[in-house]
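Chemist: So here's structure_30.txt, just compact mmCIF, C-alpha atoms:
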# COMPACT_ATOMS: atom_id res chain seq x y z
CA MET P 358 107.10 104.28 86.62
CA LYS P 359 104.82 101.50 87.87
CA TYR P 360 102.75 102.42 90.94
CA VAL P 361 101.74 99.83 93.52
CA TYR P 362 99.61 100.73 96.55
CA LEU P 363 100.43 98.51 99.54
CA ASP P 364 99.22 100.60 102.46
CA ASN P 365 95.71 99.20 102.80
CA ALA P 366 96.09 98.62 106.54
CA ALA P 367 96.17 102.43 106.86
CA THR P 368 93.35 103.05 104.38
CA SER P 369 92.14 101.03 101.42
CA TYR P 370 92.73 102.16 97.86
CA PRO P 371 91.06 101.95 95.46
CA LYS P 372 87.65 102.10 97.08
CA ALA P 373 84.87 99.71 96.11
CA PRO P 374 83.12 100.37 92.78
CA GLY P 375 80.23 102.78 93.26
CA VAL P 376 81.54 104.54 96.37
CA ALA P 377 82.46 107.82 94.67
CA GLN P 378 79.30 107.81 92.55
CA SER P 379 77.07 107.23 95.57
CA MET P 380 78.67 110.08 97.52
CA SER P 381 78.42 112.37 94.52
CA HIS P 382 74.76 111.45 94.01
CA TYR P 383 73.94 112.41 97.59
CA ILE P 384 75.76 115.75 97.36
CA LEU P 385 74.36 116.67 93.93
CA ASN P 386 70.84 115.26 94.11
CA VAL P 387 69.78 114.69 97.73
CA GLY P 388 71.69 116.95 100.12
CA ALA P 389 69.24 116.80 103.03
CA ASN P 390 69.88 116.00 106.65
CA VAL P 391 68.25 113.05 108.41
CA ASN P 392 65.71 113.18 111.25
CA ARG P 393 65.31 116.93 110.76
CA GLY P 394 62.91 117.41 107.85
CA VAL P 395 59.50 116.21 106.62
CA TYR P 396 60.33 116.56 102.93
CA SER P 397 61.09 113.83 100.41
CA SER P 398 64.87 114.23 100.15
CA SER P 399 65.19 113.89 103.92
CA TYR P 400 63.22 110.65 103.81
CA ILE P 401 65.41 109.38 100.97
CA ALA P 402 68.55 110.02 103.02
CA GLU P 403 67.00 108.44 106.11
CA ASN P 404 66.24 105.28 104.14
CA VAL P 405 69.87 104.97 102.94
CA VAL P 406 71.22 105.52 106.46
CA TYR P 407 68.88 102.89 107.86
CA GLU P 408 69.70 100.46 105.06
CA THR P 409 73.40 100.91 105.88
CA ARG P 410 72.67 99.98 109.49
CA GLU P 411 70.92 96.85 108.21
CA PHE P 412 73.90 95.94 105.99
CA LEU P 413 76.19 96.27 109.02
CA CYS P 414 73.88 94.04 111.06
CA GLU P 415 74.23 91.43 108.32
CA LEU P 416 78.01 91.84 108.29
CA PHE P 417 78.34 91.23 112.04
CA ASN P 418 75.38 88.83 112.48
CA PHE P 419 73.56 91.30 114.68
CA ASN P 420 69.81 91.89 114.81
CA LYS P 421 69.17 95.44 116.04
CA PRO P 422 69.84 98.14 113.40
CA GLU P 423 69.15 100.89 115.94
CA ASN P 424 72.19 99.62 117.91
CA ILE P 425 74.54 100.35 115.03
CA ILE P 426 76.14 103.66 116.00
CA PHE P 427 77.93 105.79 113.41
CA THR P 428 81.17 107.59 114.28
CA LYS P 429 83.95 108.94 112.09
CA ASN P 430 86.36 106.00 112.61
CA ALA P 431 87.31 103.09 114.87
CA THR P 432 89.37 105.39 117.11
CA GLU P 433 86.33 107.48 117.98
CA SER P 434 84.34 104.28 118.50
CA MET P 435 86.86 102.88 120.97
CA ASN P 436 86.97 106.19 122.84
CA VAL P 437 83.18 106.27 123.17
CA LEU P 438 83.08 102.65 124.37
CA ILE P 439 86.03 102.88 126.78
CA LYS P 440 85.24 106.22 128.35
CA GLY P 441 81.52 105.52 128.39
CA LEU P 442 81.85 102.24 130.27
CA LEU P 443 84.71 102.56 132.74
CA ARG P 444 84.25 104.12 136.16
CA GLU P 445 86.32 104.73 139.28
CA ASN P 446 88.38 101.68 140.34
CA ASP P 447 87.32 99.56 137.36
CA HIS P 448 89.89 97.22 135.84
CA VAL P 449 90.20 95.95 132.26
CA ILE P 450 92.37 93.41 130.44
CA ILE P 451 94.06 94.13 127.12
CA SER P 452 96.77 92.53 124.99
CA SER P 453 100.25 93.85 124.23
CA MET P 454 99.26 94.15 120.55
CA GLU P 455 96.78 96.99 121.01
CA HIS P 456 96.67 100.07 118.81
CA ASN P 457 96.80 103.54 120.35
CA ALA P 458 93.06 103.74 119.67
CA VAL P 459 92.81 101.61 122.82
CA MET P 460 96.00 102.55 124.68
CA ARG P 461 95.61 106.31 124.63
CA PRO P 462 91.99 106.40 125.89
CA LEU P 463 92.94 103.99 128.68
CA ASN P 464 95.98 106.05 129.66
CA ALA P 465 93.88 109.21 129.58
CA ILE P 466 91.68 107.79 132.36
CA LYS P 467 94.35 105.83 134.25
CA ASN P 468 93.83 108.02 137.34
CA ARG P 469 90.48 106.26 137.79
CA THR P 470 90.76 102.99 135.80
CA GLY P 471 93.48 100.34 135.81
CA TYR P 472 94.42 97.80 133.19
CA THR P 473 96.50 94.64 132.87
CA MET P 474 98.39 94.20 129.62
CA VAL P 475 98.75 90.49 128.81
CA LEU P 476 101.99 89.92 126.92
CA CYS P 477 101.75 88.11 123.59
CA ASN P 478 104.45 85.86 122.16
CA GLU P 479 106.90 86.86 119.41
CA MET P 480 104.28 85.96 116.79
CA GLY P 481 101.81 88.37 118.35
CA GLU P 482 99.57 85.60 119.73
CA ILE P 483 97.96 85.93 123.12
CA GLY P 484 97.90 83.08 125.65
CA ILE P 485 94.29 82.35 126.59
CA GLU P 486 95.30 81.03 130.01
CA ASP P 487 97.22 84.27 130.66
CA VAL P 488 94.05 86.24 129.95
CA GLU P 489 92.01 84.27 132.46
CA ARG P 490 94.76 84.49 135.09
CA SER P 491 94.68 88.29 134.80
CA ILE P 492 91.08 88.62 135.98
CA LYS P 493 90.66 90.49 139.27
CA SER P 494 87.69 91.08 141.54
CA ASN P 495 87.15 94.52 139.96
CA THR P 496 87.71 93.47 136.33
CA LYS P 497 84.88 94.86 134.24
CA ALA P 498 85.85 94.15 130.65
CA ILE P 499 88.30 92.66 128.20
CA ILE P 500 89.18 94.96 125.31
CA MET P 501 91.10 93.45 122.42
CA ALA P 502 92.02 93.97 118.78
CA HIS P 503 90.86 91.15 116.53
CA ALA P 504 94.13 91.35 114.57
CA SER P 505 97.39 93.25 114.82
CA ASN P 506 97.89 96.23 112.54
CA VAL P 507 101.66 95.58 112.70
CA CYS P 508 102.08 91.89 111.86
CA GLY P 509 98.55 90.82 110.94
CA THR P 510 98.25 88.08 113.60
CA ILE P 511 94.61 87.16 114.25
CA GLN P 512 93.64 86.50 117.87
CA ASP P 513 91.38 83.62 118.88
CA LEU P 514 88.62 85.88 120.15
CA GLU P 515 85.97 83.18 120.38
CA ARG P 516 87.94 81.69 123.28
CA VAL P 517 88.39 85.13 124.84
CA GLY P 518 84.65 85.66 124.49
CA GLU P 519 84.02 82.39 126.32
CA ILE P 520 86.12 83.67 129.21
CA CYS P 521 84.09 86.89 129.29
CA LYS P 522 80.83 84.95 129.32
CA ARG P 523 82.06 82.63 132.09
CA HIS P 524 83.16 85.53 134.31
CA ASN P 525 80.35 87.94 133.36
CA LEU P 526 82.74 90.50 131.83
CA PHE P 527 82.02 92.91 129.02
CA PHE P 528 83.84 92.06 125.79
CA ILE P 529 84.78 94.94 123.47
CA ILE P 530 86.48 94.17 120.14
CA ASP P 531 88.48 96.46 117.86
CA SER P 532 87.83 95.15 114.34
CA ALA P 533 89.71 97.87 112.43
CA GLN P 534 91.91 95.28 110.68
CA THR P 535 89.40 92.43 110.28
CA ALA P 536 85.99 93.82 109.30
CA GLY P 537 85.65 93.05 105.61
CA PHE P 538 88.39 90.40 105.73
CA LEU P 539 87.03 87.93 108.29
CA GLU P 540 83.47 86.75 108.71
CA MET P 541 82.57 88.10 112.15
CA ASP P 542 79.70 86.73 114.23
CA PHE P 543 78.71 88.97 117.13
CA LYS P 544 76.96 86.07 118.86
CA LYS P 545 79.68 83.45 118.42
CA LEU P 546 82.26 85.93 119.69
CA ASN P 547 80.13 86.61 122.78
CA ALA P 548 80.81 90.26 122.06
CA ASP P 549 79.15 93.18 123.78
CA ALA P 550 80.53 95.73 121.30
CA ILE P 551 82.55 95.72 118.11
CA GLY P 552 84.19 98.93 116.94
CA PHE P 553 84.72 99.20 113.18
CA THR P 554 86.00 101.64 110.59
CA GLY P 555 84.64 102.13 107.09
CA HIS P 556 87.79 103.12 105.24
CA LYS P 557 89.91 99.95 105.53
CA GLY P 558 88.62 96.44 104.82
CA LEU P 559 85.09 97.69 104.28
CA LEU P 560 86.44 99.62 101.25
CA GLY P 561 84.47 102.76 102.10
CA PRO P 562 85.46 106.41 102.49
CA GLN P 563 87.48 108.01 105.26
CA GLY P 564 85.42 109.64 107.98
CA THR P 565 83.10 106.65 108.40
CA GLY P 566 83.03 104.10 111.17
CA GLY P 567 81.02 103.11 114.18
CA PHE P 568 80.30 100.42 116.70
CA VAL P 569 77.83 97.60 117.20
CA VAL P 570 76.64 97.42 120.79
CA ASN P 571 74.15 95.24 122.63
CA ASP P 572 71.59 96.60 125.07
CA ARG P 573 73.48 95.24 128.08
CA LEU P 574 76.54 97.38 127.40
CA ALA P 575 74.67 100.39 125.99
CA GLY P 576 72.66 100.60 129.21
CA GLU P 577 75.87 100.75 131.27
CA MET P 578 77.53 103.44 129.16
CA SER P 579 77.49 107.19 129.63
CA THR P 580 77.70 109.49 126.62
CA LEU P 581 80.88 111.16 125.39
CA ILE P 582 79.13 113.82 123.27
CA GLU P 583 75.69 115.33 123.73
CA GLY P 584 73.70 117.60 121.42
CA GLY P 585 71.01 117.78 118.78
CA THR P 586 69.49 114.54 117.53
CA GLY P 587 66.29 115.75 115.89
CA SER P 588 64.40 113.92 118.64
CA LEU P 589 62.97 115.05 122.00
CA SER P 590 63.77 118.64 121.06
CA ASP P 591 61.59 119.90 123.92
CA THR P 592 64.20 118.73 126.44
CA GLU P 593 67.82 119.70 127.04
CA ILE P 594 68.74 116.19 128.19
CA GLN P 595 70.28 113.68 125.77
CA PRO P 596 67.81 110.94 124.72
CA ASN P 597 68.52 107.58 126.33
CA TYR P 598 67.31 105.40 123.47
CA MET P 599 69.28 104.08 120.51
CA PRO P 600 70.85 105.25 118.28
CA ASP P 601 70.17 108.82 119.44
CA LYS P 602 71.97 108.30 122.77
CA PHE P 603 75.33 108.15 120.97
CA GLU P 604 74.64 110.07 117.74
CA ALA P 605 74.56 113.74 118.71
CA GLY P 606 74.93 116.21 115.85
CA THR P 607 74.77 115.78 112.10
CA LEU P 608 75.99 112.46 110.72
CA ASN P 609 78.51 112.19 107.89
CA ILE P 610 75.76 111.40 105.40
CA PRO P 611 77.92 111.64 102.24
CA GLY P 612 80.30 109.17 103.88
CA ILE P 613 77.45 106.84 104.88
CA TYR P 614 76.21 106.89 101.27
CA GLY P 615 79.72 105.82 100.23
CA LEU P 616 79.85 103.14 102.93
CA ASN P 617 76.46 101.89 101.77
CA ALA P 618 77.84 101.35 98.25
CA ALA P 619 80.96 99.65 99.64
CA LEU P 620 78.88 97.25 101.74
CA LYS P 621 76.77 96.38 98.70
CA TYR P 622 79.98 95.50 96.87
CA LEU P 623 81.20 93.33 99.77
CA ARG P 624 77.84 91.54 99.82
CA SER P 625 78.14 90.83 96.10
CA GLN P 626 81.69 89.45 96.44
CA GLY P 627 81.38 87.63 99.75
CA ILE P 628 83.78 88.04 102.68
CA GLN P 629 85.13 84.51 102.25
CA SER P 630 86.01 85.19 98.61
CA ILE P 631 87.82 88.39 99.57
CA ARG P 632 89.76 86.60 102.29
CA GLU P 633 90.79 83.83 99.88
CA LYS P 634 92.09 86.39 97.38
CA GLU P 635 94.10 88.31 99.98
CA THR P 636 95.44 85.07 101.47
CA LEU P 637 96.65 84.00 98.03
CA LEU P 638 98.47 87.32 97.69
CA MET P 639 100.06 86.93 101.12
CA ASP P 640 101.19 83.40 100.31
CA LYS P 641 102.93 84.75 97.22
CA LEU P 642 104.49 87.67 99.11
CA LEU P 643 105.72 85.51 101.98
CA GLU P 644 107.16 82.90 99.65
CA GLY P 645 109.04 85.62 97.81
CA VAL P 646 110.59 87.43 100.77
CA LEU P 647 111.35 84.62 103.22
CA ASN P 648 114.56 83.68 101.42
CA ILE P 649 115.85 87.20 100.82
CA GLU P 650 118.98 87.94 102.84
CA ASN P 651 119.33 90.99 105.08
CA ILE P 652 115.63 91.27 105.82
CA ARG P 653 113.55 89.91 108.67
CA PRO P 654 109.86 89.25 108.02
CA ILE P 655 107.91 89.80 111.24
CA GLY P 656 105.25 87.45 112.58
CA LYS P 657 104.01 84.16 111.23
CA ALA P 658 105.85 82.48 108.38
CA THR P 659 102.63 81.53 106.57
CA SER P 660 99.33 83.23 105.77
CA ASP P 661 97.50 80.97 108.21
CA GLY P 662 96.14 83.02 111.10
CA ARG P 663 97.10 86.39 109.68
CA THR P 664 95.46 89.17 107.69
CA GLY P 665 96.87 90.71 104.51
CA ILE P 666 99.68 92.47 106.40
CA LEU P 667 103.42 91.81 106.29
CA SER P 668 105.93 93.84 108.27
CA ILE P 669 109.62 93.64 107.32
CA ASP P 670 112.72 94.76 109.18
CA PHE P 671 115.53 95.64 106.75
CA VAL P 672 118.37 94.59 109.03
CA ASP P 673 121.21 96.62 107.49
CA ASN P 674 119.16 99.65 106.50
CA ASP P 675 116.99 102.30 108.07
CA ASN P 676 113.39 101.18 107.55
CA GLY P 677 112.19 104.73 106.99
CA LEU P 678 114.76 105.21 104.24
CA VAL P 679 113.74 101.90 102.69
CA ALA P 680 110.09 102.99 102.54
CA HIS P 681 111.18 106.25 100.93
CA GLU P 682 113.32 104.36 98.42
CA LEU P 683 110.45 102.01 97.56
CA SER P 684 108.22 104.98 96.86
CA ARG P 685 110.67 107.31 95.10
CA ASN P 686 112.45 104.84 92.82
CA TYR P 687 109.96 101.99 92.46
CA GLY P 688 106.51 103.54 93.00
CA ILE P 689 105.63 101.15 95.83
CA MET P 690 103.59 102.80 98.58
CA THR P 691 104.07 101.30 102.06
CA ARG P 692 104.19 102.58 105.63
CA SER P 693 107.22 102.60 107.89
CA GLY P 694 107.60 103.33 111.58
CA LEU P 695 105.74 102.16 114.67
CA HIS P 696 102.22 102.21 113.20
CA CYS P 697 100.61 103.80 116.29
CA ALA P 698 101.25 100.57 118.23
CA PRO P 699 104.46 100.85 120.30
CA SER P 700 103.57 97.97 122.64
CA ALA P 701 103.07 95.68 119.66
CA HIS P 702 106.53 96.56 118.34
CA LYS P 703 108.05 95.90 121.77
CA THR P 704 106.34 92.50 121.76
CA LEU P 705 107.63 91.68 118.28
CA GLY P 706 111.16 92.95 118.96
CA THR P 707 110.98 95.81 116.47
CA PHE P 708 110.93 98.79 118.84
CA SER P 709 112.22 101.44 118.21
CA ALA P 710 113.41 100.82 114.64
CA GLY P 711 109.91 99.94 113.50
CA THR P 712 109.23 98.09 110.27
CA VAL P 713 108.24 98.58 106.66
CA ARG P 714 104.63 97.42 106.47
CA LEU P 715 103.10 96.07 103.27
CA SER P 716 99.35 95.48 103.25
CA VAL P 717 97.34 94.12 100.36
CA SER P 718 93.70 94.51 99.40
CA HIS P 719 91.09 92.73 97.32
CA PHE P 720 92.26 94.80 94.34
CA THR P 721 96.00 94.02 94.58
CA THR P 722 97.28 91.81 91.74
CA ILE P 723 99.76 88.94 91.58
CA LYS P 724 101.86 90.94 89.12
CA GLU P 725 102.10 93.78 91.64
CA ILE P 726 103.26 91.32 94.31
CA GLU P 727 105.90 89.85 91.97
CA TYR P 728 107.16 93.35 91.13
CA THR P 729 107.31 94.23 94.84
CA ILE P 730 109.31 91.09 95.69
CA ASP P 731 111.80 91.92 92.94
CA CYS P 732 112.21 95.48 94.24
CA ILE P 733 112.65 94.35 97.86
CA ASN P 734 115.33 91.91 96.69
CA LYS P 735 117.22 94.75 94.97
CA ILE P 736 117.01 97.08 97.98
CA ALA P 737 118.06 94.37 100.46
CA LYS P 738 121.36 93.98 98.59
CA CYS P 739 122.23 97.68 98.93
CA LYS P 740 123.18 100.04 101.71
CA ILE P 741 120.90 103.07 101.47
Write the structure described by the file as structure tokens, please.
Modeler:
Amino acid sequence: MKYVYLDNAATSYPKAPGVAQSMSHYILNVGANVNRGVYSSSYIAENVVYETREFLCELFNFNKPENIIFTKNATESMNVLIKGLLRENDHVIISSMEHNAVMRPLNAIKNRTGYTMVLCNEMGEIGIEDVERSIKSNTKAIIMAHASNVCGTIQDLERVGEICKRHNLFFIIDSAQTAGFLEMDFKKLNADAIGFTGHKGLLGPQGTGGFVVNDRLAGEMSTLIEGGTGSLSDTEIQPNYMPDKFEAGTLNIPGIYGLNAALKYLRSQGIQSIREKETLLMDKLLEGVLNIENIRPIGKATSDGRTGILSIDFVDNDNGLVAHELSRNYGIMTRSGLHCAPSAHKTLGTFSAGTVRLSVSHFTTIKEIEYTIDCINKIAKCKI
């Protein structure tokens, strides 16, 4: 049976060349912690960790490597940013396309912090005027996903950033679906923080992620986790300087070695080249499925303004059963359900049935897309 992996919005596969080898090299030949030892292998690891911070600065057009904070994923990053910033009676603005990485932290602190959810249209696009109209006297920040993990719609965050700058609001971006696919400029976006994950578009291993944060926001934030940093060990108070303020405990150094290799690969390929390849694949996929009866592609009808994600509602079938059928009989790996984003599905009209989500990567081939279209066509004609 042919096997086609189309669940890259959940986690990318395969990983970038060199990721596994770099992680193995660290485990087999280095092994030391960082900021804890004065021996050579510790220095070697420290250099790789710092170099990875520099690569991430380059990726986001940011100029302070010490303000690149490592976490285990974008969800942890958004929790640290949200819970670290918001205080009693603060108000924030979000979109109706947010992932639970934003919704659940906000709802966990709703007894002290309020939010306004700005409704997007049926394509998943937010109205910029609606965002500005939602600002209140106690609004502190706008928190928004750069692109939907359900339908792939990319938001115009430069315009949202202009609103934040004009009203002196903090701007926090969830880049889980765009880092590695879109060229992201921290300055042009007027961002104060960008949360990222290493295991999706950055083509790195699971368990890696972090956030980029400027001094303005970092100075306002409290810490979520405190502990050993290898610095100021004579005090039992968390250091207030970066990155130690937000990096308590031992880092995932094998994962950072893997992320380092993945970022080197992205640098060699170029983000624009990767986007062009994935856009070509989406054009082919959209062209193939738009005329198939008994299915409803969700979101924009073209690849313009979307990532490499396509959600489909199989009108006469259970979407979960369709995903199972695609896997069992055709070897096509997708994801069905609500994708940890119930408000997005309500916006798109796919709650509570959910969708079958197909998401490509830089390594997906045209032949795999053609095979997938043929299989979808066969399934759409049947009652499962």
Chemist: List every residue of range 578-661 of chain P that has an atom at most 10 Å from any atom of range 533-537 of chain P, and for each one report the closest atom pair and its distance in Å to one decimal, counting only C-alpha atoms, with rows sorted by chain and then by increasing residue number, as JSON lines.
Modeler:
{"residue": "P:Leu620", "atom": "CA", "partner": "P:Gly537", "partner_atom": "CA", "distance": 8.9}
{"residue": "P:Leu623", "atom": "CA", "partner": "P:Gly537", "partner_atom": "CA", "distance": 7.3}
{"residue": "P:Arg624", "atom": "CA", "partner": "P:Gly537", "partner_atom": "CA", "distance": 9.8}
{"residue": "P:Gly627", "atom": "CA", "partner": "P:Gly537", "partner_atom": "CA", "distance": 9.1}
{"residue": "P:Ile628", "atom": "CA", "partner": "P:Gly537", "partner_atom": "CA", "distance": 6.1}
{"residue": "P:Gln629", "atom": "CA", "partner": "P:Gly537", "partner_atom": "CA", "distance": 9.2}
{"residue": "P:Ile631", "atom": "CA", "partner": "P:Gly537", "partner_atom": "CA", "distance": 7.9}
{"residue": "P:Arg632", "atom": "CA", "partner": "P:Gly537", "partner_atom": "CA", "distance": 8.3}
Chemist: Quick one: of P:Asn446, P:Ser452, P:Asn436, P:Gly688, who's nearest to Asn478 in chain P, counting all atoms listed in the file?
Modeler: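 Counting all atoms listed in the file, the residue closest to Asn478 in chain P is P:Ser452.
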Chemist: For Asn424 in chain P, which residue among P:Val569, P:Val376, P:Leu559, P:Ile689 is the nearest when counting all atoms listed in the file?
Modeler: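 Under the stated criterion, the closest residue is P:Val569.
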Chemist: Report, as AutoDock Vina command-line options, the centre and edge lengths in Å (one decimal) of the axis-aligned box enclosing every listed atom of range 493-498 of chain P, padded by 6 Å on each side.
Modeler:
--center_x 87.8 --center_y 92.7 --center_z 136.1 --size_x 17.8 --size_y 16.4 --size_z 22.9
Chemist: Mind listing as a PyMOL selection string all residues within 8 Å of (87.3, 103.2, 108.3), counting only C-alpha atoms?
Modeler: chain P and resi 368+429-431+533+553-566
Chemist: Mind checking which residues fall within 10 Å of Leu683 in chain P, counting all atoms listed in the file, ignoring those fewer than 2 positions away in the same chain, and posting them as a ChimeraX atom specification?
Modeler: /P:361,677-681,685-691,713,729,732-733,736
Chemist: When you draw a straight line from CA of Thr707 in chain P to CA of Met454 in chain P, how long is it in Å?
Modeler: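 Between CA of Thr707 in chain P and CA of Met454 in chain P the gap works out to 12.5 Å.
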Chemist: Measuring between only C-alpha atoms, which one of P:Ala698, P:Leu715, P:Asn734, P:Asn674 shows the shortest distance to Gly645 in chain P?
Modeler: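 Counting only C-alpha atoms, the residue closest to Gly645 in chain P is P:Asn734.
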Chemist: Work out how far CA of Ile610 in chain P is from CA of Tyr407 in chain P, in Å to one decimal.
Modeler: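 Distance between the two atoms: 11.2 Å.
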Chemist: Would you pick out the contacts of range 576-591 of chain P at 8 Å or less, using all atoms listed in the file, so that residues sharing its chain but fewer than 4 positions from it are not included, and give the list as an NGL selection string?
Modeler: :P and (392-393 or 437-438 or 440-442 or 572 or 595-596 or 601-607)
Chemist: Which residue gives the smallest distance to Val717 in chain P among P:Asp640, P:Glu593, P:Asp670, P:Glu423, with only C-alpha atoms counted?
Modeler: P:Asp640
Chemist: Between P:Ser397, P:Ser494, P:Gln512, P:Thr428, which one has atoms that come closest to Ile451 in chain P, using all atoms listed in the file?
Modeler: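 Checking each of P:Ser397, P:Ser494, P:Gln512, P:Thr428 against Ile451 in chain P, counting all atoms listed in the file, the winner is P:Gln512.
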